[in-house]
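Novice: What follows is a single structure, and I will ask about it in a moment.
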Amino acid sequence: SYFAFTSLDFGAVGSGRVVVRLAVPDTSSARRFDLRLDSPTGPIIGTHSPTGTGGWATFVDQNVTFAGATGVRDLYVVGAGLINGIANIDRITIIPAAPSS
C-alpha cells in the first residue's frame with residue numbers, strides 16, 4: 001500500500017531530510033516504509049523504520065534522510081512487506097540540505 005504527495009519541491013542540492021509527523025503503535029515499530037519518486041515503484045530516495053510512539057493517536061516527528069531528489073517531484077510513501085498498517089501519518093515536511101559554498 002502507498003499514498004502520494006504531488007508537486008513537492010526538493011530543492012537543488014538533491015539531499016536533505018523529510019520530517020514525518022506520525023503515530024505508531026509499539027507493536028508496529030520497526031516495520032519499514034520507503035520514500036519513492038514519481039511512482040510507487042520509482043527510485044527509492046530514503047527508507048524509515050519508525051519507532052513506536054505509544055499508539056495510533058500519539059504523534060511525534062521522526063526524521064528520514066533522503067538523497068537523489070531535486071526539483072519539483074511527486075513523493076510516494078510505500079509500505080514495505082506490510083500485512084497490517086505501519087503508521088498514522090499526519091504530515092510530511094521536506095527540508096532540503098543547504099547548498100555548499
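Each chain of the C-alpha cells is named A, B, ... in the order shown, its residues numbered from 1; ligands are numbered from 1 in display order.
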Could you name the residues that touch A:Asp61 at 12 Å or less, counting only C-alpha atoms, but leaving out those on the same chain fewer than 5 positions away, as number ranges by chain?
Specialist: A: 17-24, 50-53, 88-93
Novice: Where in chain A does DSSP assign strand (DSSP E), given as a PDB file with N, CA, C and O atoms, in the first residue's frame?
Specialist:
```
ATOM      1  N   TYR A   2       0.330   2.334  -0.476  1.00  0.00           N
ATOM      2  CA  TYR A   2       1.094   3.570  -0.584  1.00  0.00           C
ATOM      3  C   TYR A   2       0.138   4.759  -0.617  1.00  0.00           C
ATOM      4  O   TYR A   2      -1.063   4.615  -0.782  1.00  0.00           O
ATOM      5  N   PHE A   3       0.708   5.940  -0.454  1.00  0.00           N
ATOM      6  CA  PHE A   3      -0.007   7.185  -0.733  1.00  0.00           C
ATOM      7  C   PHE A   3       1.004   8.167  -1.285  1.00  0.00           C
ATOM      8  O   PHE A   3       2.212   7.958  -1.191  1.00  0.00           O
ATOM      9  N   ALA A   4       0.497   9.229  -1.907  1.00  0.00           N
ATOM     10  CA  ALA A   4       1.383  10.144  -2.621  1.00  0.00           C
ATOM     11  C   ALA A   4       1.143  11.592  -2.230  1.00  0.00           C
ATOM     12  O   ALA A   4       0.042  11.971  -1.842  1.00  0.00           O
ATOM     13  N   PHE A   5       2.208  12.362  -2.341  1.00  0.00           N
ATOM     14  CA  PHE A   5       2.175  13.815  -2.247  1.00  0.00           C
ATOM     15  C   PHE A   5       2.672  14.323  -3.592  1.00  0.00           C
ATOM     16  O   PHE A   5       3.737  13.902  -4.057  1.00  0.00           O
ATOM     17  N   THR A   6       1.929  15.213  -4.224  1.00  0.00           N
ATOM     18  CA  THR A   6       2.302  15.661  -5.560  1.00  0.00           C
ATOM     19  C   THR A   6       2.956  17.036  -5.528  1.00  0.00           C
ATOM     20  O   THR A   6       2.682  17.854  -4.657  1.00  0.00           O
ATOM     21  N   SER A   7       3.841  17.248  -6.471  1.00  0.00           N
ATOM     22  CA  SER A   7       4.482  18.538  -6.720  1.00  0.00           C
ATOM     23  C   SER A   7       5.197  19.102  -5.495  1.00  0.00           C
ATOM     24  O   SER A   7       5.006  20.257  -5.123  1.00  0.00           O
ATOM     25  N   LEU A   8       6.058  18.298  -4.881  1.00  0.00           N
ATOM     26  CA  LEU A   8       6.854  18.758  -3.742  1.00  0.00           C
ATOM     27  C   LEU A   8       8.203  19.267  -4.237  1.00  0.00           C
ATOM     28  O   LEU A   8       8.801  18.686  -5.138  1.00  0.00           O
ATOM     29  N   ASP A   9       8.695  20.340  -3.622  1.00  0.00           N
ATOM     30  CA  ASP A   9       9.967  20.933  -4.033  1.00  0.00           C
ATOM     31  C   ASP A   9      11.095  20.395  -3.164  1.00  0.00           C
ATOM     32  O   ASP A   9      11.185  20.716  -1.984  1.00  0.00           O
ATOM     33  N   SER A  15      19.678  16.375  -1.653  1.00  0.00           N
ATOM     34  CA  SER A  15      19.648  15.620  -0.405  1.00  0.00           C
ATOM     35  C   SER A  15      19.037  16.486   0.686  1.00  0.00           C
ATOM     36  O   SER A  15      18.796  17.663   0.501  1.00  0.00           O
ATOM     37  N   GLY A  16      18.786  15.869   1.820  1.00  0.00           N
ATOM     38  CA  GLY A  16      18.211  16.577   2.950  1.00  0.00           C
ATOM     39  C   GLY A  16      17.489  15.596   3.850  1.00  0.00           C
ATOM     40  O   GLY A  16      17.877  14.434   3.971  1.00  0.00           O
ATOM     41  N   ARG A  17      16.410  16.087   4.443  1.00  0.00           N
ATOM     42  CA  ARG A  17      15.622  15.210   5.302  1.00  0.00           C
ATOM     43  C   ARG A  17      14.147  15.501   5.129  1.00  0.00           C
ATOM     44  O   ARG A  17      13.752  16.586   4.716  1.00  0.00           O
ATOM     45  N   VAL A  18      13.376  14.488   5.420  1.00  0.00           N
ATOM     46  CA  VAL A  18      11.927  14.594   5.426  1.00  0.00           C
ATOM     47  C   VAL A  18      11.507  14.388   6.870  1.00  0.00           C
ATOM     48  O   VAL A  18      11.895  13.397   7.502  1.00  0.00           O
ATOM     49  N   VAL A  19      10.767  15.347   7.416  1.00  0.00           N
ATOM     50  CA  VAL A  19      10.229  15.212   8.767  1.00  0.00           C
ATOM     51  C   VAL A  19       8.813  14.663   8.631  1.00  0.00           C
ATOM     52  O   VAL A  19       7.962  15.277   7.992  1.00  0.00           O
ATOM     53  N   VAL A  20       8.607  13.472   9.200  1.00  0.00           N
ATOM     54  CA  VAL A  20       7.312  12.813   9.125  1.00  0.00           C
ATOM     55  C   VAL A  20       6.672  12.879  10.507  1.00  0.00           C
ATOM     56  O   VAL A  20       7.242  12.387  11.474  1.00  0.00           O
ATOM     57  N   ARG A  21       5.510  13.535  10.592  1.00  0.00           N
ATOM     58  CA  ARG A  21       4.754  13.556  11.849  1.00  0.00           C
ATOM     59  C   ARG A  21       3.822  12.358  11.803  1.00  0.00           C
ATOM     60  O   ARG A  21       2.921  12.280  10.968  1.00  0.00           O
ATOM     61  N   LEU A  22       4.082  11.387  12.703  1.00  0.00           N
ATOM     62  CA  LEU A  22       3.334  10.141  12.644  1.00  0.00           C
ATOM     63  C   LEU A  22       3.051   9.574  14.022  1.00  0.00           C
ATOM     64  O   LEU A  22       3.660   9.966  15.005  1.00  0.00           O
ATOM     65  N   ALA A  23       2.094   8.660  14.040  1.00  0.00           N
ATOM     66  CA  ALA A  23       1.758   7.898  15.239  1.00  0.00           C
ATOM     67  C   ALA A  23       1.915   6.422  14.896  1.00  0.00           C
ATOM     68  O   ALA A  23       1.451   5.973  13.849  1.00  0.00           O
ATOM     69  N   ARG A  32       8.872  -1.094   7.959  1.00  0.00           N
ATOM     70  CA  ARG A  32       9.578  -0.126   7.119  1.00  0.00           C
ATOM     71  C   ARG A  32       8.669   0.459   6.050  1.00  0.00           C
ATOM     72  O   ARG A  32       7.786  -0.209   5.532  1.00  0.00           O
ATOM     73  N   PHE A  33       8.936   1.734   5.743  1.00  0.00           N
ATOM     74  CA  PHE A  33       8.353   2.311   4.537  1.00  0.00           C
ATOM     75  C   PHE A  33       9.459   2.983   3.741  1.00  0.00           C
ATOM     76  O   PHE A  33      10.486   3.389   4.283  1.00  0.00           O
ATOM     77  N   ASP A  34       9.258   3.027   2.422  1.00  0.00           N
ATOM     78  CA  ASP A  34      10.217   3.636   1.509  1.00  0.00           C
ATOM     79  C   ASP A  34       9.660   4.947   0.990  1.00  0.00           C
ATOM     80  O   ASP A  34       8.450   5.083   0.783  1.00  0.00           O
ATOM     81  N   LEU A  35      10.547   5.904   0.753  1.00  0.00           N
ATOM     82  CA  LEU A  35      10.202   7.138   0.060  1.00  0.00           C
ATOM     83  C   LEU A  35      10.654   6.963  -1.379  1.00  0.00           C
ATOM     84  O   LEU A  35      11.838   6.712  -1.652  1.00  0.00           O
ATOM     85  N   ARG A  36       9.705   7.052  -2.313  1.00  0.00           N
ATOM     86  CA  ARG A  36       9.998   6.824  -3.733  1.00  0.00           C
ATOM     87  C   ARG A  36       9.567   8.031  -4.553  1.00  0.00           C
ATOM     88  O   ARG A  36       8.613   8.717  -4.203  1.00  0.00           O
ATOM     89  N   LEU A  37      10.249   8.241  -5.655  1.00  0.00           N
ATOM     90  CA  LEU A  37       9.938   9.365  -6.536  1.00  0.00           C
ATOM     91  C   LEU A  37       9.030   8.952  -7.681  1.00  0.00           C
ATOM     92  O   LEU A  37       9.241   7.906  -8.306  1.00  0.00           O
ATOM     93  N   ILE A  44      14.033   4.686  -4.991  1.00  0.00           N
ATOM     94  CA  ILE A  44      13.972   4.904  -3.539  1.00  0.00           C
ATOM     95  C   ILE A  44      14.961   5.997  -3.187  1.00  0.00           C
ATOM     96  O   ILE A  44      16.152   5.903  -3.518  1.00  0.00           O
ATOM     97  N   ILE A  45      14.481   7.039  -2.496  1.00  0.00           N
ATOM     98  CA  ILE A  45      15.369   8.111  -2.048  1.00  0.00           C
ATOM     99  C   ILE A  45      15.604   8.065  -0.545  1.00  0.00           C
ATOM    100  O   ILE A  45      16.440   8.787  -0.030  1.00  0.00           O
ATOM    101  N   GLY A  46      14.864   7.222   0.167  1.00  0.00           N
ATOM    102  CA  GLY A  46      15.053   7.066   1.599  1.00  0.00           C
ATOM    103  C   GLY A  46      14.174   5.947   2.132  1.00  0.00           C
ATOM    104  O   GLY A  46      13.189   5.567   1.493  1.00  0.00           O
ATOM    105  N   THR A  47      14.554   5.394   3.270  1.00  0.00           N
ATOM    106  CA  THR A  47      13.750   4.382   3.952  1.00  0.00           C
ATOM    107  C   THR A  47      13.687   4.725   5.429  1.00  0.00           C
ATOM    108  O   THR A  47      14.560   5.423   5.955  1.00  0.00           O
ATOM    109  N   HIS A  48      12.640   4.228   6.083  1.00  0.00           N
ATOM    110  CA  HIS A  48      12.488   4.524   7.514  1.00  0.00           C
ATOM    111  C   HIS A  48      11.764   3.381   8.209  1.00  0.00           C
ATOM    112  O   HIS A  48      10.777   2.864   7.699  1.00  0.00           O
ATOM    113  N   PHE A  59       1.180  11.371  18.244  1.00  0.00           N
ATOM    114  CA  PHE A  59       2.006  11.820  17.120  1.00  0.00           C
ATOM    115  C   PHE A  59       3.327  12.415  17.585  1.00  0.00           C
ATOM    116  O   PHE A  59       3.377  13.151  18.565  1.00  0.00           O
ATOM    117  N   VAL A  60       4.391  12.083  16.857  1.00  0.00           N
ATOM    118  CA  VAL A  60       5.717  12.673  17.057  1.00  0.00           C
ATOM    119  C   VAL A  60       6.361  12.877  15.689  1.00  0.00           C
ATOM    120  O   VAL A  60       5.954  12.264  14.703  1.00  0.00           O
ATOM    121  N   ASP A  61       7.371  13.734  15.646  1.00  0.00           N
ATOM    122  CA  ASP A  61       8.144  13.934  14.421  1.00  0.00           C
ATOM    123  C   ASP A  61       9.303  12.950  14.395  1.00  0.00           C
ATOM    124  O   ASP A  61       9.999  12.773  15.402  1.00  0.00           O
ATOM    125  N   GLN A  62       9.499  12.297  13.246  1.00  0.00           N
ATOM    126  CA  GLN A  62      10.652  11.429  13.033  1.00  0.00           C
ATOM    127  C   GLN A  62      11.296  11.838  11.718  1.00  0.00           C
ATOM    128  O   GLN A  62      10.606  12.202  10.768  1.00  0.00           O
ATOM    129  N   ASN A  63      12.624  11.812  11.692  1.00  0.00           N
ATOM    130  CA  ASN A  63      13.385  12.262  10.523  1.00  0.00           C
ATOM    131  C   ASN A  63      13.790  11.111   9.631  1.00  0.00           C
ATOM    132  O   ASN A  63      14.199  10.057  10.105  1.00  0.00           O
ATOM    133  N   VAL A  64      13.695  11.346   8.317  1.00  0.00           N
ATOM    134  CA  VAL A  64      14.141  10.395   7.312  1.00  0.00           C
ATOM    135  C   VAL A  64      15.067  11.165   6.370  1.00  0.00           C
ATOM    136  O   VAL A  64      14.654  12.160   5.780  1.00  0.00           O
ATOM    137  N   THR A  65      16.310  10.735   6.261  1.00  0.00           N
ATOM    138  CA  THR A  65      17.203  11.402   5.320  1.00  0.00           C
ATOM    139  C   THR A  65      16.892  10.915   3.906  1.00  0.00           C
ATOM    140  O   THR A  65      16.429   9.798   3.711  1.00  0.00           O
ATOM    141  N   PHE A  66      17.122  11.793   2.947  1.00  0.00           N
ATOM    142  CA  PHE A  66      16.912  11.409   1.553  1.00  0.00           C
ATOM    143  C   PHE A  66      18.098  11.862   0.716  1.00  0.00           C
ATOM    144  O   PHE A  66      18.828  12.781   1.084  1.00  0.00           O
ATOM    145  N   ALA A  67      18.266  11.208  -0.402  1.00  0.00           N
ATOM    146  CA  ALA A  67      19.299  11.575  -1.376  1.00  0.00           C
ATOM    147  C   ALA A  67      18.799  11.182  -2.758  1.00  0.00           C
ATOM    148  O   ALA A  67      18.095  10.187  -2.918  1.00  0.00           O
ATOM    149  N   VAL A  72      11.011  19.815  -8.411  1.00  0.00           N
ATOM    150  CA  VAL A  72       9.623  19.511  -8.035  1.00  0.00           C
ATOM    151  C   VAL A  72       9.288  18.107  -8.522  1.00  0.00           C
ATOM    152  O   VAL A  72       9.368  17.829  -9.726  1.00  0.00           O
ATOM    153  N   ARG A  73       8.938  17.246  -7.594  1.00  0.00           N
ATOM    154  CA  ARG A  73       8.663  15.832  -7.894  1.00  0.00           C
ATOM    155  C   ARG A  73       7.473  15.360  -7.067  1.00  0.00           C
ATOM    156  O   ARG A  73       7.096  15.985  -6.082  1.00  0.00           O
ATOM    157  N   ASP A  74       6.949  14.217  -7.435  1.00  0.00           N
ATOM    158  CA  ASP A  74       5.933  13.546  -6.634  1.00  0.00           C
ATOM    159  C   ASP A  74       6.639  12.586  -5.685  1.00  0.00           C
ATOM    160  O   ASP A  74       7.612  11.926  -6.063  1.00  0.00           O
ATOM    161  N   LEU A  75       6.143  12.526  -4.442  1.00  0.00           N
ATOM    162  CA  LEU A  75       6.717  11.643  -3.429  1.00  0.00           C
ATOM    163  C   LEU A  75       5.697  10.576  -3.063  1.00  0.00           C
ATOM    164  O   LEU A  75       4.561  10.894  -2.707  1.00  0.00           O
ATOM    165  N   TYR A  76       6.122   9.322  -3.144  1.00  0.00           N
ATOM    166  CA  TYR A  76       5.281   8.189  -2.748  1.00  0.00           C
ATOM    167  C   TYR A  76       5.842   7.576  -1.477  1.00  0.00           C
ATOM    168  O   TYR A  76       7.045   7.303  -1.401  1.00  0.00           O
ATOM    169  N   VAL A  77       4.985   7.372  -0.499  1.00  0.00           N
ATOM    170  CA  VAL A  77       5.335   6.677   0.734  1.00  0.00           C
ATOM    171  C   VAL A  77       4.781   5.263   0.577  1.00  0.00           C
ATOM    172  O   VAL A  77       3.561   5.075   0.496  1.00  0.00           O
ATOM    173  N   VAL A  78       5.679   4.281   0.508  1.00  0.00           N
ATOM    174  CA  VAL A  78       5.295   2.913   0.155  1.00  0.00           C
ATOM    175  C   VAL A  78       5.652   1.972   1.303  1.00  0.00           C
ATOM    176  O   VAL A  78       6.819   1.885   1.705  1.00  0.00           O
ATOM    177  N   GLY A  79       4.653   1.277   1.828  1.00  0.00           N
ATOM    178  CA  GLY A  79       4.896   0.274   2.866  1.00  0.00           C
ATOM    179  C   GLY A  79       5.661  -0.899   2.291  1.00  0.00           C
ATOM    180  O   GLY A  79       5.363  -1.369   1.200  1.00  0.00           O
ATOM    181  N   ALA A  80       6.652  -1.374   3.025  1.00  0.00           N
ATOM    182  CA  ALA A  80       7.491  -2.481   2.538  1.00  0.00           C
ATOM    183  C   ALA A  80       7.137  -3.757   3.292  1.00  0.00           C
ATOM    184  O   ALA A  80       7.388  -3.867   4.486  1.00  0.00           O
ATOM    185  N   ASN A  88       0.139   6.045  11.342  1.00  0.00           N
ATOM    186  CA  ASN A  88      -0.853   7.054  11.032  1.00  0.00           C
ATOM    187  C   ASN A  88      -0.047   8.327  10.768  1.00  0.00           C
ATOM    188  O   ASN A  88       0.528   8.891  11.692  1.00  0.00           O
ATOM    189  N   ILE A  89       0.057   8.741   9.514  1.00  0.00           N
ATOM    190  CA  ILE A  89       0.899   9.885   9.152  1.00  0.00           C
ATOM    191  C   ILE A  89       0.040  11.134   9.041  1.00  0.00           C
ATOM    192  O   ILE A  89      -0.945  11.163   8.317  1.00  0.00           O
ATOM    193  N   ASP A  90       0.443  12.155   9.784  1.00  0.00           N
ATOM    194  CA  ASP A  90      -0.281  13.420   9.826  1.00  0.00           C
ATOM    195  C   ASP A  90       0.225  14.388   8.762  1.00  0.00           C
ATOM    196  O   ASP A  90      -0.553  15.018   8.072  1.00  0.00           O
ATOM    197  N   ARG A  91       1.555  14.506   8.643  1.00  0.00           N
ATOM    198  CA  ARG A  91       2.115  15.424   7.644  1.00  0.00           C
ATOM    199  C   ARG A  91       3.567  15.077   7.366  1.00  0.00           C
ATOM    200  O   ARG A  91       4.220  14.394   8.143  1.00  0.00           O
ATOM    201  N   ILE A  92       4.039  15.605   6.251  1.00  0.00           N
ATOM    202  CA  ILE A  92       5.426  15.432   5.833  1.00  0.00           C
ATOM    203  C   ILE A  92       5.975  16.805   5.463  1.00  0.00           C
ATOM    204  O   ILE A  92       5.326  17.562   4.742  1.00  0.00           O
ATOM    205  N   THR A  93       7.173  17.113   5.962  1.00  0.00           N
ATOM    206  CA  THR A  93       7.852  18.372   5.658  1.00  0.00           C
ATOM    207  C   THR A  93       9.205  18.051   5.046  1.00  0.00           C
ATOM    208  O   THR A  93       9.968  17.291   5.632  1.00  0.00           O
ATOM    209  N   ILE A  94       9.495  18.615   3.896  1.00  0.00           N
ATOM    210  CA  ILE A  94      10.791  18.410   3.251  1.00  0.00           C
ATOM    211  C   ILE A  94      11.718  19.550   3.625  1.00  0.00           C
ATOM    212  O   ILE A  94      11.367  20.734   3.506  1.00  0.00           O
ATOM    213  N   ILE A  95      12.932  19.185   4.078  1.00  0.00           N
ATOM    214  CA  ILE A  95      13.937  20.174   4.424  1.00  0.00           C
ATOM    215  C   ILE A  95      15.177  19.863   3.588  1.00  0.00           C
ATOM    216  O   ILE A  95      15.982  18.989   3.944  1.00  0.00           O
ATOM    217  N   PRO A  96      15.329  20.551   2.439  1.00  0.00           N
ATOM    218  CA  PRO A  96      16.497  20.296   1.593  1.00  0.00           C
ATOM    219  C   PRO A  96      17.794  20.707   2.300  1.00  0.00           C
ATOM    220  O   PRO A  96      17.794  21.630   3.123  1.00  0.00           O
TER     221      PRO A  96
END
```
Novice: As an exercise, work out the distance from atom CA of A:Val13 to atom CA of A:Gly42 in Å and give it to one decimal place.
Specialist: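 Separation of atom CA of A:Val13 and atom CA of A:Gly42: 19.5 Å.
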Novice: Calculated over only C-alpha atoms, which of the candidates A:Ala30, A:Ala69, A:Ala87, A:Ala57 has the smallest distance to A:Pro43?
Specialist: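 Once distances to A:Pro43 are computed over only C-alpha atoms, the minimum belongs to A:Ala69.
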